[in-house]
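Here's the structure, in structure tokens; my notes come after.
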Amino acid sequence: MEQFVGFALPGVPFGCTYALVAVCLVLTYQATGVFNFAFGAQAYASAFVFTYLTQYKNWSGWEAFLISVVVMGPAVGWLFDRLLFRHIANSNTIAKMVCSLALLVGIPSLLPVIFGNQNLDATATIAPFFNPNVVYFTLWGTPINGIYLSTVSVTVLVLVLLTILLRYTNLGLQMRAAVESRRLVQLDGVNGNGVVAVAWIVSSFMAGLAGVLFAPNFGAFQAQNYVTITVAAIAAAVWALLRSIPIAALVGVLIGVTTTVLQGYIPPDSFFNAAVVPALPFILIVVALLILPGMRSLDASRDPLATIDPPPPPMAAATRAPTMDRIIRVLWWILFGGFCVSMLTWIPGSFPAWTTVFNNGLTLSIVLLSITLITGMAGQLSLCQATLAGVGAFTAAQLANHLGLNLFVGGLIGAALAAIVAVILALLSLRLRGLGLALMTLAAALAFDATFFNETYITGGPQGVSIQGKWLGTSEFFNVNGHAMFLLALGTLVVAVVIVLLVRKGTVGRNLAAMRGSETATAGLGVNPTRQRILVFALSGAIAGIGGLLHSLEQQVVDPNAWNADFSLVLVVLVVTTSVTTVEGAIQAGVGFFVTEQILTTILPARIGASSLTVVLFAFGALTYAQHPEGVLEYQKRKGTARFERLFFSRGHPAGEAAPAEELAPAISTSHANG
Amino acid sequence: MVDPLLSLRGVCKSFGGIQAVSSITFDVAAGESLGLVGPNGAGKTTLFNCVCGQLRPETGDIVFDGSPLIGLPTYRRARLGIGRTYQKVEVFTDMSVRDHLMVAERARRGEGRLWRDLLNLSKPTTDEIERVDATLELVGITQLARTSVNALGLGHCRLVELARALATEPKILLADEPSSGLDLHETAEVAAVLRTVQRERGTAVLLVEHDLSMVAEVVDRTVVMDLGAMLAEGTFDEVMANPLVRDAYLGQMGLA
């Protein structure tokens with residue numbers, strides 16, 4: 001018993017921070033319907049600023065705490081609500097998730113852009129009553145120092161205050177009422193927006209607090225540690241069915257304690273300690289999603305006033321005049337032809353760096369097309385597409401390495417394996433939709449990071465597995481440098497585009513579109529939703545696998561860090577920024593990402609990371625997803641088309657507006673008039 | 001005696017402590033039109049969900065066209081010939097009216113082969129287009145064929161839902177409050193369509209409806225439910241004359 005307690009006690013401070021962030025997730029989800037993936041990033045940001053101020057500006061702990069947690073935390077939450085989530089309160093779950101994912105991706109990338117790359121050492125703590133370097137007493141052999149005491153005492157205090165706020169105040173009652181619909185409570189005279197803003201302010205303050213409490217437990221300040229806090233908090237929130245704050249807090253503490261207990265009992269050099277213990281939160285998420293029926297009905301629309309919202313705008317292509325459509329098609333082919341000729345003639349000689357940029361963009365576009373299938377056509381959010389790309393790439397590379405297998409054959413086997421992994425995920429998440437599916441795929445991606453992608457015999461260690469163009473065949477035609485790689489990338493991309501277009505206009509695509517509207521009604525017609533879902537997952541996995549191999553081939557290495565869960569999130573952010581519903585959107589996102597990065601690298605000083613800034617720019621773009629679910633570029637296209645048509649065809653509609661209903665369907669007005 | 005098309009025997013369904021459907025037993029013959037009426041909370045939609053497979057009853061048997069339905073998934077039941085419309089309109093956002101019917105047309109035959117799509121063999125055939133056009137004409141929404149449902153009002157969406165269900169060429173149509181939210185003219189249109197479907201296609205209709213004048217106009221026979229249980233069964237006039245029905249279903253108004 002004494003040994004057990006001795007193992008358990010060190011886990012309590014970790015569990016406390018997990019509990020705080022888990023409570024943030026539940027509180028915000030209950031008050032706003034937003035599952036804010038970005039709380040971990042907010043915790044990281046507050047801790048970053050706190051540590052930066054104490055270490056580089058020599059501020060005292062209290063001063064830094066005041067700025068990074070008391071001011072910055074609530075301010076960030078208020079800004080999130082005021083500038084973003086308030087305006088998408090009536091959007092669907094996917095839109096809200098995408099926005100929070102954009103914040104999760106954007107916030108950590110924004111910090112080095114603002115502060116530069118810093119080596120931070122998180123030793124300062126916020127509680128002056130407890131010196132972090134002093135051991136106050138020992139419990140069952142566990143030294144209880146200042147870090148321990150400050151973390152536990154502050155957590156308990158905050159949770160007690162929060163309970164009082166929610167249970168015994170009018171504000172807490174109004175928060176609970178706003179869950180259904182902030183518009184509905186406004187009809188009862190309650191300031192619904194104000195109530196929800198308070199929920200954001202309180203939860204963001206707690207996230208900042210958790211981040212600052214969490215940092216000293218590790219010493220060295222690393223973003224990766226905040227992935228741990230995010231995942232553990234998600235696991236705790238999921239077990240609380242995103243409803244119960246006490247259960248979320250309790251499970252959060254239990255996860256912290258269980259982790260240290262397992263680490264204590266399992267031999268340090270065993271496989272279980274290396275793989276299973278870090279994967280505990282992912283396992284908990286998966287188990288909860290599989291066995292808790294409450295997780296299957298998370299996305300049911302609860303706003304009784306939802307029906308008053310206008311329908312989404314049509315795609316730009318649907319509103320264009322036929323002449324305009326022809327002009328755009330011709331211009332597109334001219335542009336495409338010019339691009340191909342340039343890539344085959346003067347660009348490789350004159351601007352070799354741009355050859356790499358475009359090849360990278362084309363190959364990444366193939367991976368992004370897999371998201372077009374899942375999200376754009378099936379209306380589901382998969383957060384493991386980079387993992388599937390990695391499965392394809394590592395399989396082909398290892399088969400070439402160990403068996404000398406041609407990369408074409410290896411690529412097909414890798415694509416098949418990625419498809420199998422995708423199908424397994426689809427089978428595991430058959431009853432999950434929206435948020436549940438997103439969490440399942442995210443857990444799978446993180447589990448791959450902690451297990452398979454962490455094994456040297458698979459990934460070749462942190463440096464990855466090198467792959468060479470000559471493995472494509474005996475001839476040197478497909479040398480990765482120059483024309484050959486461009487032709488290979490372009491040819492594969494064209495094939496992938498044709499596949500996606502054929503599926504979209506075929507029976508499966510029509511069924512998927514129907515399922516996106518109403519799965520119940522689609523099944524009621526005789527469509528087997530399970531089969532359709534498995535098909536699209538398998539195809540998406542295969543395309544991601546092929547794309548992953550080609551992208552790695554261009555880089556000449558399969559890097560485990562390039563295909564981790566973080567990159568899966570970045571991929572989603574990239575493609576929803578342009579357009580997740582069109583194949584052009586995937587290509588624009590893939591090529592646009594590398595072109596933007598190259599331009600920023602050229603014009604900006606090295607101190608400002610061009611890669612980070614590119615991610616930030618796309619993340620800001622993704623924040624507009626809820627307002628413009630067709631994508632920023634698609635929205636701009638619609639605006640531009642309307643303007644152009646107004647100028648030249650006297651047919652345009654107001655900028656950015658959809659064609660009026662009577663123009664889209666002349667029969668409607670007639671029908672109404674008759675009625 | 002001819003076997004019934006749809007047969008329910010002792011169907012029970014509860015949610016927690018609430019008995020939503022309690023030992024319901026009735027038959028629907030092929031080509032018959034049966035009204036299922038009762039106040040809100042009577043269990044009519046729950047019974048529909050049990051028939052269609054969205055809910056699994058705790059006890060009882062449901063047999064359709066000689067095949068037991070219990071244990072079959074929703075899509076398999078649909079392919080046996082059960083069509084349905086929904087109390088809360090379920091349309092496919094962003095999709096045109098014609099595409100709604102094309103999904104149903106293909107689903108009827110259980111199509112959806114990926115390889116056919118990849119070989120570009122999934123283009124609508126002339127036969128399919130003709131059948132879809134015929135259904136659109138039957139329901140009177142031919143002029144809306146190319147319109148996105150996003151641009152339609154509730155009345156038209158109900159007609160689209162009805163056309164979509166009919167495009168599967170069901171042997172029985174389960175219509176769940178098809179006149180809900182419609183004006184008098186639109187309600188009359190829906191009633192006319194249901195009568196035509198029953199008369200010309202021989203489709204059985206199981207109609208849940210609060211508009212009793214519509215029920216009287218459409219159905220051959222009526223079953224009345226209240227609080228999950230069956231109160232009465234007979235012709236519309238017979239059940240409406242039943243004191244139990246007048247008391248439970250019409251309340252004070254019926255007693256007046």
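In the structure tokens, chains take the letters A, B, ... in the order shown, each chain's residues start at 1, and ligands count up from 1 in the order shown.
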
Next on the checklist: Quick check: residues of chain B within 8 Å of chain A, only C-alpha atoms, returned as a PyMOL selection string.
Outcome noted: chain B and resi 52+54+74-79+83-84+90-95+99-100+103-104+106-108+110-114+117-120+122-123+143-144+146-147+150-152+165+168+185-186

Suppose we keep N, CA and C atoms; can you now write the selection as a short mmCIF file (atom, residue, chain, number, x, y, z; two decimals), in the first residue's frame?
```cif
data_model
loop_
_atom_site.label_atom_id
_atom_site.label_comp_id
_atom_site.auth_asym_id
_atom_site.auth_seq_id
_atom_site.Cartn_x
_atom_site.Cartn_y
_atom_site.Cartn_z
N CYS B 52 -39.28 0.83 -39.18
CA CYS B 52 -38.20 1.15 -40.13
C CYS B 52 -36.82 0.72 -39.64
N GLN B 54 -35.10 2.16 -37.04
CA GLN B 54 -34.33 3.16 -36.29
C GLN B 54 -34.35 2.84 -34.79
N THR B 74 -31.89 -0.73 -41.07
CA THR B 74 -32.85 0.14 -41.75
C THR B 74 -32.78 0.00 -43.27
N TYR B 75 -31.55 0.00 -43.81
CA TYR B 75 -31.44 0.00 -45.27
C TYR B 75 -31.96 -1.28 -45.89
N ARG B 76 -31.83 -2.40 -45.16
CA ARG B 76 -32.35 -3.67 -45.69
C ARG B 76 -33.88 -3.65 -45.71
N ARG B 77 -34.46 -3.04 -44.68
CA ARG B 77 -35.93 -2.94 -44.63
C ARG B 77 -36.42 -2.08 -45.79
N ALA B 78 -35.66 -0.99 -46.04
CA ALA B 78 -36.05 -0.10 -47.14
C ALA B 78 -36.04 -0.86 -48.46
N ARG B 79 -35.04 -1.69 -48.64
CA ARG B 79 -34.93 -2.43 -49.91
C ARG B 79 -36.02 -3.48 -50.05
N GLY B 83 -41.05 2.51 -47.61
CA GLY B 83 -40.67 3.90 -47.81
C GLY B 83 -41.18 4.74 -46.67
N ARG B 84 -40.52 5.87 -46.44
CA ARG B 84 -40.92 6.66 -45.28
C ARG B 84 -40.69 8.15 -45.48
N GLU B 90 -36.54 15.68 -43.36
CA GLU B 90 -35.16 15.22 -43.51
C GLU B 90 -34.79 15.30 -44.99
N VAL B 91 -34.22 16.42 -45.41
CA VAL B 91 -33.78 16.52 -46.80
C VAL B 91 -32.25 16.59 -46.84
N PHE B 92 -31.71 16.41 -48.02
CA PHE B 92 -30.26 16.39 -48.17
C PHE B 92 -29.79 17.80 -48.57
N THR B 93 -29.25 18.50 -47.59
CA THR B 93 -28.82 19.88 -47.81
C THR B 93 -27.89 19.97 -49.02
N ASP B 94 -28.01 21.05 -49.75
CA ASP B 94 -27.15 21.35 -50.91
C ASP B 94 -27.48 20.51 -52.14
N MET B 95 -28.39 19.57 -52.03
CA MET B 95 -28.65 18.69 -53.16
C MET B 95 -29.88 19.15 -53.95
N ASP B 99 -31.55 15.12 -57.75
CA ASP B 99 -30.55 14.25 -57.13
C ASP B 99 -31.12 13.49 -55.94
N HIS B 100 -32.06 14.14 -55.21
CA HIS B 100 -32.73 13.42 -54.11
C HIS B 100 -33.36 12.13 -54.64
N VAL B 103 -30.79 9.46 -55.81
CA VAL B 103 -30.25 8.66 -54.69
C VAL B 103 -31.23 7.53 -54.37
N ALA B 104 -32.51 7.89 -54.31
CA ALA B 104 -33.52 6.89 -53.96
C ALA B 104 -33.62 5.82 -55.05
N ARG B 106 -31.35 4.76 -57.11
CA ARG B 106 -30.21 3.83 -57.06
C ARG B 106 -30.26 2.97 -55.79
N ALA B 107 -30.67 3.60 -54.68
CA ALA B 107 -30.69 2.88 -53.40
C ALA B 107 -31.67 1.71 -53.46
N ARG B 108 -32.75 1.93 -54.20
CA ARG B 108 -33.78 0.88 -54.33
C ARG B 108 -33.16 -0.43 -54.80
N GLY B 110 -30.00 -1.13 -54.42
CA GLY B 110 -28.80 -1.44 -53.62
C GLY B 110 -27.51 -1.12 -54.35
N GLU B 111 -27.58 -0.15 -55.28
CA GLU B 111 -26.36 0.20 -56.02
C GLU B 111 -25.46 1.11 -55.20
N GLY B 112 -24.22 1.22 -55.61
CA GLY B 112 -23.25 2.04 -54.89
C GLY B 112 -21.90 1.39 -54.95
N ARG B 113 -21.60 0.84 -56.12
CA ARG B 113 -20.31 0.17 -56.29
C ARG B 113 -19.25 1.20 -56.66
N LEU B 114 -18.18 1.22 -55.88
CA LEU B 114 -17.13 2.20 -56.11
C LEU B 114 -16.49 2.00 -57.48
N ASP B 117 -18.24 3.68 -60.25
CA ASP B 117 -17.97 5.13 -60.26
C ASP B 117 -16.61 5.42 -60.89
N LEU B 118 -15.60 4.62 -60.50
CA LEU B 118 -14.24 4.87 -60.97
C LEU B 118 -14.11 4.61 -62.48
N LEU B 119 -14.96 3.74 -63.00
CA LEU B 119 -14.94 3.48 -64.45
C LEU B 119 -15.95 4.34 -65.19
N ASN B 120 -16.48 5.33 -64.48
CA ASN B 120 -17.44 6.27 -65.05
C ASN B 120 -18.66 5.55 -65.64
N SER B 122 -21.46 5.20 -63.85
CA SER B 122 -22.58 5.53 -62.96
C SER B 122 -23.47 6.64 -63.48
N LYS B 123 -23.31 6.97 -64.76
CA LYS B 123 -24.18 8.03 -65.30
C LYS B 123 -25.62 7.56 -65.26
N GLN B 143 -41.21 21.17 -61.95
CA GLN B 143 -40.57 22.47 -62.18
C GLN B 143 -39.44 22.75 -61.19
N LEU B 144 -39.37 21.96 -60.12
CA LEU B 144 -38.32 22.19 -59.11
C LEU B 144 -37.14 21.25 -59.29
N ARG B 146 -34.38 20.96 -60.82
CA ARG B 146 -32.97 21.39 -60.76
C ARG B 146 -32.68 22.30 -59.57
N THR B 147 -33.69 22.54 -58.77
CA THR B 147 -33.52 23.47 -57.65
C THR B 147 -32.86 22.78 -56.46
N ASN B 150 -32.02 23.78 -50.57
CA ASN B 150 -31.73 24.93 -49.71
C ASN B 150 -32.64 26.11 -50.03
N ALA B 151 -33.09 26.16 -51.29
CA ALA B 151 -33.88 27.31 -51.73
C ALA B 151 -35.38 27.06 -51.59
N LEU B 152 -35.77 25.93 -51.02
CA LEU B 152 -37.18 25.59 -50.94
C LEU B 152 -37.76 25.84 -49.56
N ALA B 165 -39.33 9.29 -51.26
CA ALA B 165 -39.79 8.00 -50.73
C ALA B 165 -40.46 7.19 -51.83
N THR B 168 -38.41 5.13 -54.46
CA THR B 168 -37.92 3.78 -54.14
C THR B 168 -38.95 2.72 -54.53
N HIS B 185 -54.02 24.43 -49.02
CA HIS B 185 -53.82 24.05 -50.42
C HIS B 185 -52.76 22.95 -50.53
N GLU B 186 -51.64 23.16 -49.82
CA GLU B 186 -50.54 22.17 -49.87
C GLU B 186 -50.98 20.84 -49.26
#
```

Next on the checklist: Show me, as an MDAnalysis selection string, the residues that have an atom within 12 Å of Glu189 in chain B when counting only C-alpha atoms, minus same-chain residues fewer than 2 positions from it.
Outcome noted: (chainID A and resid 675) or (chainID B and resid 138:141 155:156 158:159 162 178:179 182:187 191:196 214 218)

Item to check | For Gln87 in chain B: contacts at 10 Å, only C-alpha atoms, fewer than 5 positions along chain excluded, given as a ChimeraX atom specification | outcome: /B:45,158,175-180,208-209

Checklist entry - So which residues of range 22-232 of chain B fall under helix (DSSP H, G or I) by DSSP, listed as a PyMOL selection string? => result chain B and resi 44-52+74-80+97-108+114-118+126-139+142-144+149-151+154-167+184-201+212-218

Checklist entry - At what distance in Å, to one decimal, does CA of Leu9 in chain A lie from CA of Phe137 in chain A? => result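 If I compute the distance from CA of Phe137 in chain A to CA of Leu9 in chain A, I get 12.8 Å.
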
Next on the checklist: Could you list, as number ranges by chain, every residue within 9 Å of range 282-298 of chain A, counting only C-alpha atoms and ignoring same-chain residues fewer than 6 positions away?
Outcome noted: A: 231-232, 234-236, 238-239, 241-242, 276, 428-429, 431-437, 439-440, 442-444, 446-447

File dump, residues just selected, N, CA and C atoms, as a PDB file, in the first residue's frame:
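And here is the file that came out, out15.pdb:
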```
ATOM      1  N   VAL A 231      -4.283  16.149 -24.550  1.00  0.00           N
ATOM      2  CA  VAL A 231      -4.859  14.817 -24.775  1.00  0.00           C
ATOM      3  C   VAL A 231      -5.442  14.254 -23.481  1.00  0.00           C
ATOM      4  N   ALA A 232      -4.712  14.419 -22.374  1.00  0.00           N
ATOM      5  CA  ALA A 232      -5.223  13.910 -21.105  1.00  0.00           C
ATOM      6  C   ALA A 232      -6.515  14.631 -20.726  1.00  0.00           C
ATOM      7  N   ILE A 234      -8.653  15.984 -22.809  1.00  0.00           N
ATOM      8  CA  ILE A 234      -9.721  15.506 -23.699  1.00  0.00           C
ATOM      9  C   ILE A 234     -10.264  14.172 -23.181  1.00  0.00           C
ATOM     10  N   ALA A 235      -9.337  13.281 -22.775  1.00  0.00           N
ATOM     11  CA  ALA A 235      -9.766  11.978 -22.253  1.00  0.00           C
ATOM     12  C   ALA A 235     -10.676  12.157 -21.041  1.00  0.00           C
ATOM     13  N   ALA A 236     -10.278  13.049 -20.139  1.00  0.00           N
ATOM     14  CA  ALA A 236     -11.092  13.276 -18.932  1.00  0.00           C
ATOM     15  C   ALA A 236     -12.450  13.866 -19.298  1.00  0.00           C
ATOM     16  N   VAL A 238     -14.056  13.583 -22.107  1.00  0.00           N
ATOM     17  CA  VAL A 238     -14.871  12.586 -22.818  1.00  0.00           C
ATOM     18  C   VAL A 238     -15.519  11.628 -21.820  1.00  0.00           C
ATOM     19  N   TRP A 239     -14.762  11.202 -20.817  1.00  0.00           N
ATOM     20  CA  TRP A 239     -15.340  10.302 -19.812  1.00  0.00           C
ATOM     21  C   TRP A 239     -16.424  10.995 -18.991  1.00  0.00           C
ATOM     22  N   LEU A 241     -18.531  12.754 -20.444  1.00  0.00           N
ATOM     23  CA  LEU A 241     -19.542  12.953 -21.488  1.00  0.00           C
ATOM     24  C   LEU A 241     -19.707  14.424 -21.833  1.00  0.00           C
ATOM     25  N   LEU A 242     -18.661  15.197 -21.612  1.00  0.00           N
ATOM     26  CA  LEU A 242     -18.653  16.640 -21.868  1.00  0.00           C
ATOM     27  C   LEU A 242     -19.781  17.338 -21.103  1.00  0.00           C
ATOM     28  N   VAL A 276       2.950   1.935 -23.989  1.00  0.00           N
ATOM     29  CA  VAL A 276       1.580   1.885 -23.474  1.00  0.00           C
ATOM     30  C   VAL A 276       1.281   3.022 -22.499  1.00  0.00           C
ATOM     31  N   LEU A 428     -14.070   1.073 -36.270  1.00  0.00           N
ATOM     32  CA  LEU A 428     -14.093   1.434 -34.848  1.00  0.00           C
ATOM     33  C   LEU A 428     -15.054   2.586 -34.573  1.00  0.00           C
ATOM     34  N   SER A 429     -15.219   3.447 -35.560  1.00  0.00           N
ATOM     35  CA  SER A 429     -16.026   4.646 -35.317  1.00  0.00           C
ATOM     36  C   SER A 429     -17.341   4.618 -36.095  1.00  0.00           C
ATOM     37  N   ARG A 431     -20.322   4.177 -35.211  1.00  0.00           N
ATOM     38  CA  ARG A 431     -21.459   4.867 -34.605  1.00  0.00           C
ATOM     39  C   ARG A 431     -21.138   6.304 -34.244  1.00  0.00           C
ATOM     40  N   LEU A 432     -19.945   6.740 -34.615  1.00  0.00           N
ATOM     41  CA  LEU A 432     -19.541   8.096 -34.244  1.00  0.00           C
ATOM     42  C   LEU A 432     -19.693   9.033 -35.419  1.00  0.00           C
ATOM     43  N   ARG A 433     -20.015  10.261 -35.120  1.00  0.00           N
ATOM     44  CA  ARG A 433     -20.123  11.295 -36.144  1.00  0.00           C
ATOM     45  C   ARG A 433     -19.439  12.546 -35.601  1.00  0.00           C
ATOM     46  N   GLY A 434     -19.133  13.451 -36.471  1.00  0.00           N
ATOM     47  CA  GLY A 434     -18.660  14.780 -36.078  1.00  0.00           C
ATOM     48  C   GLY A 434     -17.548  14.763 -35.051  1.00  0.00           C
ATOM     49  N   LEU A 435     -17.849  15.289 -33.868  1.00  0.00           N
ATOM     50  CA  LEU A 435     -16.831  15.415 -32.832  1.00  0.00           C
ATOM     51  C   LEU A 435     -16.295  14.053 -32.399  1.00  0.00           C
ATOM     52  N   GLY A 436     -17.186  13.078 -32.253  1.00  0.00           N
ATOM     53  CA  GLY A 436     -16.753  11.745 -31.832  1.00  0.00           C
ATOM     54  C   GLY A 436     -15.753  11.153 -32.810  1.00  0.00           C
ATOM     55  N   LEU A 437     -16.045  11.281 -34.097  1.00  0.00           N
ATOM     56  CA  LEU A 437     -15.143  10.742 -35.126  1.00  0.00           C
ATOM     57  C   LEU A 437     -13.816  11.511 -35.125  1.00  0.00           C
ATOM     58  N   LEU A 439     -12.416  12.990 -32.629  1.00  0.00           N
ATOM     59  CA  LEU A 439     -11.632  12.587 -31.455  1.00  0.00           C
ATOM     60  C   LEU A 439     -11.023  11.203 -31.653  1.00  0.00           C
ATOM     61  N   MET A 440     -11.796  10.306 -32.253  1.00  0.00           N
ATOM     62  CA  MET A 440     -11.287   8.956 -32.487  1.00  0.00           C
ATOM     63  C   MET A 440     -10.072   8.993 -33.425  1.00  0.00           C
ATOM     64  N   LEU A 442      -8.148  11.556 -34.050  1.00  0.00           N
ATOM     65  CA  LEU A 442      -7.036  12.253 -33.388  1.00  0.00           C
ATOM     66  C   LEU A 442      -6.329  11.304 -32.421  1.00  0.00           C
ATOM     67  N   ALA A 443      -7.115  10.532 -31.672  1.00  0.00           N
ATOM     68  CA  ALA A 443      -6.519   9.566 -30.737  1.00  0.00           C
ATOM     69  C   ALA A 443      -5.681   8.550 -31.502  1.00  0.00           C
ATOM     70  N   ALA A 444      -6.179   8.122 -32.658  1.00  0.00           N
ATOM     71  CA  ALA A 444      -5.426   7.153 -33.462  1.00  0.00           C
ATOM     72  C   ALA A 444      -4.104   7.763 -33.933  1.00  0.00           C
ATOM     73  N   LEU A 446      -2.395  10.193 -32.551  1.00  0.00           N
ATOM     74  CA  LEU A 446      -1.492  10.344 -31.404  1.00  0.00           C
ATOM     75  C   LEU A 446      -0.961   8.985 -30.949  1.00  0.00           C
ATOM     76  N   ALA A 447      -1.818   7.968 -31.029  1.00  0.00           N
ATOM     77  CA  ALA A 447      -1.370   6.625 -30.658  1.00  0.00           C
ATOM     78  C   ALA A 447      -0.276   6.138 -31.616  1.00  0.00           C
TER      79      ALA A 447
END
```

Taking 4 positions as the minimum chain separation for residues in the same chain, which residues sit within 6 Å of range 622-629 of chain A when counting only C-alpha atoms? Answer as a PDB file with C-alpha atoms, in the first residue's frame.
```pdb
ATOM      1  CA  ILE A  88     -20.552  30.973 -35.502  1.00  0.00           C
ATOM      2  CA  ALA A  95     -17.315  24.367 -38.453  1.00  0.00           C
ATOM      3  CA  CYS A  99     -12.095  26.972 -35.914  1.00  0.00           C
ATOM      4  CA  ALA A 102      -7.123  26.493 -36.402  1.00  0.00           C
ATOM      5  CA  VAL A 573      -6.395  23.810 -41.572  1.00  0.00           C
ATOM      6  CA  VAL A 576     -10.435  24.249 -45.254  1.00  0.00           C
ATOM      7  CA  THR A 577      -8.827  27.650 -45.766  1.00  0.00           C
TER       8      THR A 577
END
```

Next on the checklist: What's around Ala45 in chain A at 8 Å? Count only C-alpha atoms, leave out sequence neighbours fewer than 2 positions away in its own chain, and write the answer as a list in words.
Outcome noted: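 The contact residues come out as Ala41, Gln42, Ala43, Ala47, Phe48, Val49, Ile107, Pro108, Leu111, Gly208 and Gly211 of chain A.
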
Checklist entry - What is the CA of Ser153 in chain A to CA of Ala279 in chain A distance in Å? => result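 Computing the Euclidean distance for CA of Ser153 in chain A and CA of Ala279 in chain A yields 28.1 Å.
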
Item to check | DSSP strand (DSSP E) selection over range 38-234 of chain B, as a ChimeraX atom specification | outcome: /B:59-64,67-68,82-84,172-176,204-208,221-226,229-234

Checklist entry - Quick one, how far is CA of Gly6 in chain A from CA of Leu139 in chain A? => result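 Spanning CA of Gly6 in chain A to CA of Leu139 in chain A is a straight-line distance of 7.6 Å.
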